[in-house]
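Quick look at final.cif (mmCIF, C-alpha atoms):
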data_model
loop_
_atom_site.label_atom_id
_atom_site.label_comp_id
_atom_site.auth_asym_id
_atom_site.auth_seq_id
_atom_site.Cartn_x
_atom_site.Cartn_y
_atom_site.Cartn_z
CA MET T 5 0.00 0.00 0.00
CA ARG T 6 1.20 3.49 -0.83
CA GLY T 7 -0.26 6.87 0.03
CA PHE T 8 -1.38 9.51 -2.44
CA PRO T 9 1.63 11.17 -4.12
CA SER T 10 -0.41 14.37 -4.54
CA ARG T 11 -3.95 15.60 -4.08
CA THR T 12 -5.97 17.61 -6.58
CA GLU T 13 -7.56 20.85 -5.42
CA VAL T 14 -11.35 20.93 -5.16
CA GLU T 15 -11.53 23.87 -7.57
CA GLN T 16 -9.52 21.94 -10.17
CA VAL T 17 -11.92 19.00 -10.03
CA LEU T 18 -14.92 21.29 -10.49
CA ALA T 19 -13.22 23.08 -13.40
CA LEU T 20 -12.56 19.71 -15.04
CA LEU T 21 -16.21 18.72 -14.69
CA GLU T 22 -17.42 22.01 -16.11
CA ALA T 23 -15.07 21.69 -19.08
CA ARG T 24 -15.86 18.05 -19.84
CA LEU T 25 -19.62 17.95 -19.24
CA SER T 26 -22.53 19.67 -20.94
CA PRO T 27 -26.32 19.28 -20.69
CA LEU T 28 -27.82 16.16 -22.23
CA ASP T 29 -30.10 16.20 -25.25
CA SER T 30 -33.78 17.11 -24.96
CA GLU T 31 -36.95 15.10 -25.01
CA GLU T 32 -40.62 16.02 -25.33
CA ILE T 33 -42.99 15.27 -22.46
CA GLN T 34 -46.60 16.03 -21.61
CA LEU T 35 -47.45 18.92 -19.28
CA HIS T 36 -48.47 16.77 -16.33
CA GLU T 37 -44.92 15.33 -16.29
CA ALA T 38 -43.21 18.72 -16.56
CA PRO T 39 -43.03 20.06 -12.95
CA GLY T 40 -39.44 19.85 -11.73
CA ARG T 41 -38.04 19.32 -15.22
CA VAL T 42 -35.59 21.67 -16.95
CA LEU T 43 -36.79 23.60 -20.00
CA ALA T 44 -34.59 22.83 -23.02
CA THR T 45 -35.30 25.91 -25.17
CA ASP T 46 -36.75 29.40 -24.79
CA LEU T 47 -40.52 29.20 -24.91
CA ILE T 48 -42.03 31.88 -27.14
CA SER T 49 -45.77 32.48 -27.07
CA THR T 50 -47.63 32.00 -30.35
CA VAL T 51 -50.89 33.25 -28.85
CA ALA T 52 -52.06 36.33 -26.96
CA VAL T 53 -53.23 35.99 -23.35
CA PRO T 54 -55.98 36.92 -22.95
CA ALA T 55 -57.04 36.24 -26.53
CA PHE T 56 -59.86 38.81 -26.31
CA ASP T 57 -60.85 41.84 -24.25
CA ARG T 58 -62.52 40.50 -21.11
CA ALA T 59 -64.31 41.81 -18.04
CA ALA T 60 -62.17 42.19 -14.94
CA MET T 61 -65.22 42.14 -12.66
CA ASP T 62 -68.95 41.54 -12.63
CA GLY T 63 -70.97 44.49 -13.89
CA TYR T 64 -72.20 46.06 -17.10
CA ALA T 65 -70.36 46.52 -20.40
CA LEU T 66 -71.03 49.89 -22.00
CA ARG T 67 -69.42 52.93 -23.60
CA GLY T 68 -67.51 54.61 -20.82
CA GLN T 69 -67.74 58.10 -22.24
CA GLU T 70 -71.53 57.99 -21.96
CA THR T 71 -71.32 57.65 -18.17
CA PHE T 72 -69.52 60.96 -17.63
CA GLY T 73 -71.43 63.19 -15.25
CA ALA T 74 -73.33 60.33 -13.63
CA ASP T 75 -73.85 60.33 -9.86
CA ALA T 76 -76.40 59.12 -7.35
CA TYR T 77 -78.54 62.23 -7.83
CA ASN T 78 -78.27 62.33 -11.61
CA PRO T 79 -77.91 58.73 -12.82
CA VAL T 80 -77.41 58.02 -16.51
CA GLU T 81 -79.77 55.42 -17.93
CA PHE T 82 -78.90 52.63 -20.37
CA ARG T 83 -81.11 50.01 -21.92
CA ILE T 84 -80.05 46.44 -21.02
CA VAL T 85 -79.91 44.44 -24.26
CA GLY T 86 -78.33 41.18 -23.26
CA GLU T 87 -75.73 39.26 -21.27
CA SER T 88 -72.13 38.06 -21.67
CA PHE T 89 -70.79 35.05 -19.78
CA PRO T 90 -67.39 33.27 -19.86
CA GLY T 91 -67.50 31.09 -22.94
CA ARG T 92 -70.90 32.54 -23.97
CA PRO T 93 -70.39 36.08 -25.32
CA TYR T 94 -73.09 38.52 -26.24
CA PRO T 95 -73.46 38.03 -30.01
CA GLY T 96 -74.34 41.58 -31.01
CA ARG T 97 -72.83 45.05 -30.86
CA VAL T 98 -73.44 47.47 -28.00
CA GLY T 99 -74.79 50.72 -29.38
CA SER T 100 -75.18 54.18 -27.90
CA GLY T 101 -77.30 54.15 -24.75
CA GLN T 102 -77.11 50.37 -24.47
CA THR T 103 -75.45 48.01 -22.00
CA VAL T 104 -74.93 44.27 -21.45
CA ARG T 105 -74.75 42.41 -18.16
CA ILE T 106 -71.27 40.88 -17.98
CA MET T 107 -69.53 38.44 -15.67
CA THR T 108 -65.85 38.37 -14.70
CA GLY T 109 -63.80 36.79 -17.48
CA ALA T 110 -66.52 37.14 -20.12
CA PRO T 111 -65.72 38.73 -23.51
CA VAL T 112 -66.44 42.46 -23.70
CA PRO T 113 -68.90 42.91 -26.58
CA GLU T 114 -68.08 44.88 -29.68
CA GLY T 115 -68.93 48.57 -29.22
CA ALA T 116 -68.34 48.55 -25.44
CA ASP T 117 -65.08 49.75 -23.92
CA ALA T 118 -65.65 49.75 -20.14
CA VAL T 119 -67.29 47.74 -17.37
CA LEU T 120 -69.34 49.54 -14.75
CA GLN T 121 -69.14 47.58 -11.51
CA ALA T 122 -72.41 46.20 -10.21
CA GLU T 123 -72.21 48.19 -6.95
CA ALA T 124 -72.35 51.47 -8.91
CA ALA T 125 -75.58 50.68 -10.72
CA GLU T 126 -79.13 49.51 -10.26
CA GLU T 127 -81.63 47.90 -12.59
CA THR T 128 -85.19 49.09 -13.05
CA GLY T 129 -87.95 48.85 -15.58
CA SER T 130 -88.60 51.46 -18.26
CA GLN T 131 -91.54 53.78 -17.87
CA ASP T 132 -93.55 51.90 -20.46
CA GLY T 133 -92.51 48.56 -18.97
CA THR T 134 -91.14 47.23 -22.24
CA ALA T 135 -87.46 47.08 -21.28
CA LEU T 136 -85.03 46.77 -18.42
CA VAL T 137 -83.03 49.90 -17.67
CA LEU T 138 -79.66 50.29 -15.97
CA ARG T 139 -79.13 53.41 -13.89
CA ALA T 140 -75.39 54.25 -13.68
CA MET T 141 -74.63 55.99 -10.38
CA GLU T 142 -71.01 56.98 -11.12
CA PRO T 143 -68.81 57.50 -14.18
CA VAL T 144 -66.45 54.84 -15.51
CA PRO T 145 -63.77 55.90 -18.02
CA PRO T 146 -63.09 53.93 -21.21
CA GLY T 147 -60.83 50.95 -20.53
CA ARG T 148 -61.74 50.66 -16.84
CA HIS T 149 -62.22 47.09 -15.54
CA VAL T 150 -61.34 45.62 -18.93
CA GLY T 151 -58.48 43.15 -19.41
CA LYS T 152 -57.11 43.93 -22.85
CA ARG T 153 -56.15 41.30 -25.41
CA GLY T 154 -52.49 40.37 -24.92
CA GLU T 155 -52.34 42.30 -21.64
CA ASP T 156 -50.81 39.31 -19.86
CA ILE T 157 -48.75 37.87 -22.74
CA ALA T 158 -48.35 39.26 -26.23
CA ILE T 159 -47.63 37.11 -29.26
CA GLY T 160 -43.86 36.69 -29.67
CA THR T 161 -43.07 37.16 -25.97
CA VAL T 162 -40.34 34.96 -24.49
CA VAL T 163 -42.38 33.47 -21.67
CA LEU T 164 -39.79 31.18 -20.06
CA ARG T 165 -36.07 30.90 -20.68
CA ALA T 166 -34.14 27.70 -21.39
CA GLY T 167 -32.63 26.20 -18.25
CA ARG T 168 -35.56 27.06 -16.02
CA VAL T 169 -36.63 24.37 -13.55
CA LEU T 170 -40.35 24.31 -14.15
CA ARG T 171 -42.53 25.12 -11.15
CA PRO T 172 -46.24 24.30 -10.83
CA GLN T 173 -47.22 27.85 -11.82
CA ASP T 174 -44.91 27.65 -14.86
CA VAL T 175 -46.69 24.52 -16.04
CA GLY T 176 -50.03 26.26 -15.52
CA LEU T 177 -48.83 29.08 -17.74
CA LEU T 178 -47.70 26.65 -20.42
CA ALA T 179 -51.13 25.06 -20.32
CA SER T 180 -52.78 28.45 -20.88
CA LEU T 181 -50.66 28.90 -24.00
CA GLY T 182 -51.47 25.46 -25.38
CA ALA T 183 -47.75 24.61 -25.20
CA SER T 184 -47.85 20.83 -25.05
CA PRO T 185 -45.79 18.73 -25.37
CA VAL T 186 -42.85 20.66 -23.93
CA ALA T 187 -39.14 20.12 -24.65
CA VAL T 188 -37.06 19.45 -21.54
CA ILE T 189 -33.51 18.28 -20.83
CA ARG T 190 -33.32 14.53 -20.42
CA ARG T 191 -32.75 13.39 -16.85
CA PRO T 192 -29.30 11.83 -16.33
CA SER T 193 -29.46 8.14 -15.54
CA VAL T 194 -27.13 7.24 -12.68
CA ALA T 195 -25.71 3.78 -11.95
CA LEU T 196 -24.93 3.00 -8.30
CA ILE T 197 -22.20 0.46 -7.52
CA ILE T 198 -21.71 -0.23 -3.83
CA THR T 199 -18.58 -2.24 -2.98
CA GLY T 200 -17.70 -4.07 0.22
CA ASN T 201 -17.53 -7.68 1.44
CA GLU T 202 -18.77 -6.49 4.82
CA LEU T 203 -22.03 -5.07 3.50
CA LEU T 204 -25.54 -6.42 3.86
CA PRO T 205 -28.34 -5.15 1.59
CA ALA T 206 -30.22 -2.05 2.74
CA GLY T 207 -33.22 -3.14 4.78
CA SER T 208 -31.29 -5.87 6.57
CA ARG T 209 -30.28 -5.87 10.23
CA PRO T 210 -26.61 -5.70 11.21
CA GLN T 211 -25.19 -9.05 12.25
CA GLY T 212 -21.79 -10.23 13.39
CA TYR T 213 -19.02 -8.27 11.73
CA GLN T 214 -21.19 -7.20 8.82
CA ILE T 215 -22.84 -3.80 8.48
CA VAL T 216 -25.86 -2.64 6.48
CA ASP T 217 -25.33 -0.67 3.28
CA SER T 218 -26.57 2.88 3.92
CA ASN T 219 -24.80 4.69 1.08
CA SER T 220 -27.06 3.33 -1.65
CA VAL T 221 -30.17 4.69 0.08
CA MET T 222 -28.53 8.07 0.71
CA LEU T 223 -27.13 8.35 -2.82
CA THR T 224 -30.46 7.37 -4.39
CA ALA T 225 -32.16 10.21 -2.53
CA LEU T 226 -29.41 12.70 -3.45
CA VAL T 227 -29.55 11.75 -7.13
CA ARG T 228 -33.31 12.26 -7.20
CA ARG T 229 -32.94 15.60 -5.46
CA ASP T 230 -30.54 16.72 -8.17
CA GLY T 231 -32.83 15.74 -11.04
CA GLY T 232 -31.21 12.39 -11.92
CA GLU T 233 -32.76 8.97 -12.34
CA PRO T 234 -30.98 6.49 -10.05
CA GLN T 235 -30.79 2.88 -11.15
CA LYS T 236 -31.18 0.08 -8.64
CA ALA T 237 -27.99 -0.14 -6.61
CA ALA T 238 -25.72 -3.14 -7.15
CA LEU T 239 -23.81 -4.63 -4.21
CA VAL T 240 -20.37 -5.74 -5.46
CA ALA T 241 -17.70 -7.79 -3.71
CA ASP T 242 -14.24 -6.38 -3.00
CA SER T 243 -12.54 -8.20 -5.86
CA ARG T 244 -10.87 -6.87 -8.97
CA GLU T 245 -12.98 -8.98 -11.31
CA ALA T 246 -16.25 -8.06 -9.62
CA VAL T 247 -15.46 -4.36 -9.81
CA ARG T 248 -14.31 -4.65 -13.43
CA SER T 249 -17.52 -6.50 -14.36
CA ALA T 250 -19.70 -3.93 -12.60
CA LEU T 251 -18.02 -1.03 -14.38
CA ARG T 252 -18.56 -2.69 -17.74
CA GLU T 253 -22.25 -3.37 -17.22
CA PRO T 254 -23.96 -0.05 -16.40
CA ALA T 255 -25.74 1.72 -19.23
CA ALA T 256 -25.96 5.12 -17.60
CA ASP T 257 -24.93 8.75 -18.04
CA VAL T 258 -23.10 8.79 -14.69
CA VAL T 259 -21.58 6.02 -12.57
CA LEU T 260 -21.20 6.34 -8.80
CA VAL T 261 -18.94 3.80 -7.10
CA SER T 262 -19.13 3.79 -3.31
CA GLY T 263 -16.16 2.22 -1.50
CA GLY T 264 -12.87 0.82 -2.73
CA SER T 265 -11.63 4.25 -3.78
CA SER T 266 -8.53 4.60 -1.62
CA VAL T 267 -5.09 2.90 -1.73
CA GLY T 268 -5.72 -0.21 0.41
CA LEU T 269 -5.31 -3.83 -0.67
CA GLU T 270 -9.01 -4.12 -1.55
CA ASP T 271 -9.37 -0.70 -3.18
CA HIS T 272 -9.64 -1.90 -6.78
CA ALA T 273 -11.85 0.79 -8.34
CA PRO T 274 -9.08 3.33 -9.21
CA SER T 275 -6.82 0.88 -11.05
CA VAL T 276 -9.75 -0.83 -12.81
CA LEU T 277 -11.03 2.54 -14.02
CA ALA T 278 -7.54 3.51 -15.18
CA GLU T 279 -7.28 0.29 -17.19
CA SER T 280 -10.80 0.42 -18.63
CA GLY T 281 -11.03 4.13 -19.32
CA GLU T 282 -9.49 7.26 -17.81
CA LEU T 283 -8.61 8.00 -14.18
CA SER T 284 -8.41 11.80 -14.19
CA VAL T 285 -8.25 12.43 -10.44
CA HIS T 286 -7.33 10.20 -7.51
CA GLY T 287 -7.00 11.93 -4.18
CA VAL T 288 -8.47 15.35 -3.43
CA ALA T 289 -7.26 18.04 -1.02
CA LEU T 290 -10.40 17.74 1.06
CA ARG T 291 -11.38 16.52 4.53
CA PRO T 292 -13.22 14.24 4.77
CA ALA T 293 -13.39 12.47 1.38
CA SER T 294 -9.74 12.83 0.41
CA PRO T 295 -9.71 9.34 -1.29
CA THR T 296 -12.24 10.53 -3.89
CA GLY T 297 -11.53 9.66 -7.51
CA LEU T 298 -12.92 10.84 -10.85
CA GLY T 299 -12.55 9.46 -14.33
CA PHE T 300 -14.36 8.73 -17.55
CA LEU T 301 -15.55 5.55 -19.16
CA ALA T 302 -16.72 5.78 -22.78
CA GLY T 303 -16.96 9.53 -22.26
CA LYS T 304 -19.22 9.23 -19.22
CA PRO T 305 -18.12 10.42 -15.77
CA VAL T 306 -17.33 7.86 -13.10
CA PHE T 307 -17.07 9.03 -9.48
CA LEU T 308 -15.15 6.94 -6.98
CA LEU T 309 -16.71 7.90 -3.65
CA PRO T 310 -15.28 6.84 -0.28
CA GLY T 311 -17.21 4.13 1.53
CA ASN T 312 -17.36 5.98 4.85
CA PRO T 313 -20.83 7.57 4.88
CA VAL T 314 -19.88 11.15 5.77
CA SER T 315 -17.04 11.11 3.23
CA CYS T 316 -19.44 9.69 0.66
CA LEU T 317 -21.93 12.50 1.33
CA CYS T 318 -19.19 15.12 1.20
CA ALA T 319 -17.73 13.81 -2.08
CA TYR T 320 -21.19 13.61 -3.62
CA ASP T 321 -22.08 17.15 -2.55
CA LEU T 322 -18.88 18.66 -3.88
CA PHE T 323 -18.36 16.66 -7.10
CA ALA T 324 -20.97 14.11 -8.21
CA GLY T 325 -23.97 16.32 -7.42
CA PRO T 326 -22.68 19.27 -9.51
CA ALA T 327 -21.96 16.89 -12.42
CA ILE T 328 -25.45 15.37 -12.36
CA ARG T 329 -27.03 18.81 -12.17
CA ARG T 330 -24.93 20.06 -15.09
CA LEU T 331 -25.86 17.09 -17.27
CA GLY T 332 -29.51 17.73 -16.42
CA GLY T 333 -29.30 21.40 -17.39
CA ARG T 334 -29.25 22.72 -13.82
CA SER T 335 -26.81 24.96 -11.98
CA MET T 336 -23.68 23.29 -10.62
CA SER T 337 -24.03 25.38 -7.45
CA PHE T 338 -25.12 23.79 -4.18
CA PRO T 339 -28.87 23.20 -3.95
CA TYR T 340 -28.71 24.23 -0.30
CA ARG T 341 -29.93 27.53 1.05
CA SER T 342 -27.11 29.46 2.73
CA THR T 343 -26.89 32.08 5.43
CA LYS T 344 -24.16 34.01 7.22
CA LEU T 345 -23.92 33.48 10.98
CA VAL T 346 -21.39 34.07 13.75
CA LEU T 347 -19.26 31.21 15.11
CA ALA T 348 -19.70 30.35 18.79
CA HIS T 349 -16.41 28.43 18.83
CA LYS T 350 -13.39 28.31 16.56
CA ILE T 351 -13.00 25.93 13.63
CA ALA T 352 -9.44 24.64 13.25
CA SER T 353 -8.17 23.58 9.83
CA ALA T 354 -4.89 22.94 8.02
CA ILE T 355 -3.59 24.98 5.11
CA GLY T 356 -3.51 23.03 1.88
CA ARG T 357 -6.89 21.34 2.05
CA MET T 358 -10.56 22.30 2.13
CA ASP T 359 -12.52 21.24 5.23
CA TYR T 360 -16.19 20.22 5.15
CA VAL T 361 -17.25 20.97 8.72
CA ARG T 362 -20.61 19.84 10.06
CA VAL T 363 -22.21 22.45 12.31
CA GLN T 364 -25.23 23.06 14.50
CA ILE T 365 -27.05 26.35 14.94
CA ARG T 366 -27.91 27.24 18.52
CA GLU T 367 -29.51 30.54 19.48
CA GLY T 368 -28.47 32.03 16.16
CA ARG T 369 -24.80 31.07 16.49
CA VAL T 370 -22.81 28.33 14.75
CA GLU T 371 -21.17 25.51 16.66
CA PRO T 372 -18.97 22.88 14.98
CA LEU T 373 -19.86 19.32 15.94
CA ALA T 374 -17.35 17.72 18.27
CA THR T 375 -17.06 14.56 16.18
CA SER T 376 -15.15 14.60 12.92
CA GLY T 377 -15.23 10.89 12.11
CA ALA T 378 -15.94 10.06 8.49
CA SER T 379 -18.00 7.00 9.42
CA VAL T 380 -20.28 8.76 11.90
CA LEU T 381 -23.30 9.30 9.64
CA SER T 382 -25.45 10.33 12.61
CA SER T 383 -23.37 13.51 12.80
CA THR T 384 -25.01 14.70 9.59
CA THR T 385 -28.48 14.13 11.04
CA ARG T 386 -27.56 16.13 14.14
CA ALA T 387 -26.02 18.85 11.99
CA ASP T 388 -28.05 21.76 10.64
CA GLY T 389 -25.59 22.23 7.81
CA PHE T 390 -21.94 22.59 6.98
CA VAL T 391 -19.21 25.20 6.59
CA LEU T 392 -16.46 24.99 3.96
CA VAL T 393 -13.06 26.16 5.15
CA PRO T 394 -10.91 27.09 2.11
CA ARG T 395 -7.53 25.45 1.57
CA ASP T 396 -5.57 28.66 2.24
CA SER T 397 -7.08 29.12 5.71
CA GLU T 398 -6.14 27.76 9.13
CA GLY T 399 -9.78 27.95 10.13
CA HIS T 400 -12.12 30.53 11.63
CA ALA T 401 -11.98 32.16 15.03
CA GLY T 402 -14.89 32.30 17.47
CA GLY T 403 -16.98 35.41 16.80
CA GLU T 404 -16.15 35.34 13.09
CA GLU T 405 -18.98 35.36 10.56
CA VAL T 406 -19.10 32.29 8.30
CA LEU T 407 -21.25 31.08 5.42
CA VAL T 408 -23.40 28.10 6.44
CA TYR T 409 -25.01 25.76 3.90
CA LEU T 410 -28.23 24.44 5.42
CA TYR T 411 -29.15 20.78 4.90
CA ASP T 412 -32.84 21.64 5.11
CA GLY T 413 -32.54 24.67 2.84
#
Starting from the file, give its structure as structure tokens.
Amino acid sequence: MRGFPSRTEVEQVLALLEARLSPLDSEEIQLHEAPGRVLATDLISTVAVPAFDRAAMDGYALRGQETFGADAYNPVEFRIVGESFPGRPYPGRVGSGQTVRIMTGAPVPEGADAVLQAEAAEETGSQDGTALVLRAMEPVPPGRHVGKRGEDIAIGTVVLRAGRVLRPQDVGLLASLGASPVAVIRRPSVALIITGNELLPAGSRPQGYQIVDSNSVMLTALVRRDGGEPQKAALVADSREAVRSALREPAADVVLVSGGSSVGLEDHAPSVLAESGELSVHGVALRPASPTGLGFLAGKPVFLLPGNPVSCLCAYDLFAGPAIRRLGGRSMSFPYRSTKLVLAHKIASAIGRMDYVRVQIREGRVEPLATSGASVLSSTTRADGFVLVPRDSEGHAGGEEVLVYLYDG
């Protein structure tokens, strides 16, 4: 066994990923499948919204200019000639001295240019009893309470930009434009290879000297969070042939190998990847997760993640997660919300490496967790988030403000 002759800086690994990876091709899906997907191209409206002038409230459609001078003592009278409902417009033209009852969202009839709200009017019969009459109690200027055609969206408007992660309201807007199907970036498929003779399948109970695989469950959830499609995890023995066979089999856009990434006697993944494809990085200036590796197989990225759970989470967050998001058309930046808070106690670090420090927030101040073990997964459940200490820093003093990435953000 030999140690790492050198360790690649975190920033260099990220730069390599950005240079080598680009978003996948697009596919067309139906609107009900679109929430959470990434729009592949700018969406330009081919229709106006609304497609017609419509009432913004219940009332009476009429010619606004004819109401000028109206008040409660001198109402202006109009003859009611019909009604307009959503989907059932008044078929005629509103002439001088005429009005039409109109409901919110209904088309404003030809000849009318304003809607007098119902509270400002009253209906009565004509003196000869042959017609219904509207008495307007206040003036309404032309254009008032009318939603104009194209007021929301005009034809030719860029409604949504490529790269947008579609929200429920975005999909609702697409539906209003008749934009279906919609072109989105294909989700990256992700193969999960979990190595270790000591591992039992997730869902088992620990027994003897064997432990239960937890990384596959955690990685599956992380991949889904980042817009990828995780394949069923494969448990692989710590043998060169088993690892070689597993790396040959996956048909995926990304391969995640958990365990066997270091320099021990049973750490076969780095040399197998080097023989089968390209081992670009082995050993990163990072704590934990320094045994992380990165390479390419048939042009597809392969991440060698440490088997210790916290190291696995750290390596995924810093490297595999950004790669999956980039392939899926998303930002490579952390998906975590961040905030600046003051440290209650110092964080010690060593120059030359980045530190991923789990922290708790108590009474608005940040406290580093006492444990730093890479196998203590419970530390991440007790942590509210993490702080990254850059490689050129010896840490942060108590009372110093730091940037905290929140796990629940």
Do you know which residues are at most 10 Å from stretch 210-226 of chain T counting all atoms listed in the file, after dropping those on the same chain fewer than 4 positions away, and could you put them as a PyMOL selection string?
-> chain T and resi 194-206+230-239+260-263+309-314+316-317+320-321+324-325+381
Closest of T:Glu123, T:Glu22, T:Glu15, T:Glu270 to T:Pro326, counting all atoms listed in the file, is T:Glu22
The residue from T:Arg58, T:Arg209, T:Arg67, T:Arg362 with the smallest atom-to-atom distance to T:Ala116, counting all atoms listed in the file, is T:Arg67
Chain and number of each residue from the PyMOL selection byres ((chain T and resi 281) around 7), as a PyMOL selection string | chain T and resi 277-280+282-283+300-302
One residue among T:Leu43, T:Met141, T:Val240, T:Ile159 is nearest to T:Arg171 when using only C-alpha atoms, and that residue is T:Leu43
Starting from the shown file, work through the PyMOL selection byres ((chain T and resi 109) around 8) and note down what comes out as an NGL selection string.
-> :T and (58-61 or 89-90 or 107-108 or 110-111)
Restricting the output to C-alpha atoms, write the selected residues as a compact mmCIF listing (two decimals), in the coordinates of the input.
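Saved to out_12.txt:
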# COMPACT_ATOMS: atom_id res chain seq x y z
CA ARG T 58 -62.52 40.50 -21.11
CA ALA T 59 -64.31 41.81 -18.04
CA ALA T 60 -62.17 42.19 -14.94
CA MET T 61 -65.22 42.14 -12.66
CA PHE T 89 -70.79 35.05 -19.78
CA PRO T 90 -67.39 33.27 -19.86
CA MET T 107 -69.53 38.44 -15.67
CA THR T 108 -65.85 38.37 -14.70
CA ALA T 110 -66.52 37.14 -20.12
CA PRO T 111 -65.72 38.73 -23.51
Point out the residue among T:Gln364, T:Asn78, T:Ser294, T:Ser397 with the least atom-to-atom distance to T:Glu13, counting all atoms listed in the file.
-> T:Ser294
For T:Gly368, which residue out of T:Ile355, T:Glu405, T:Arg341, T:Asp257 is the nearest one, using all atoms listed in the file?
->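 So, comparing all the options, the nearest one is T:Glu405.
With all atoms listed in the file as the atoms that count, the minimum distance from T:Thr71 to the choices T:Thr343, T:Gln102, T:Ser184, T:Thr50 is reached by T:Gln102.
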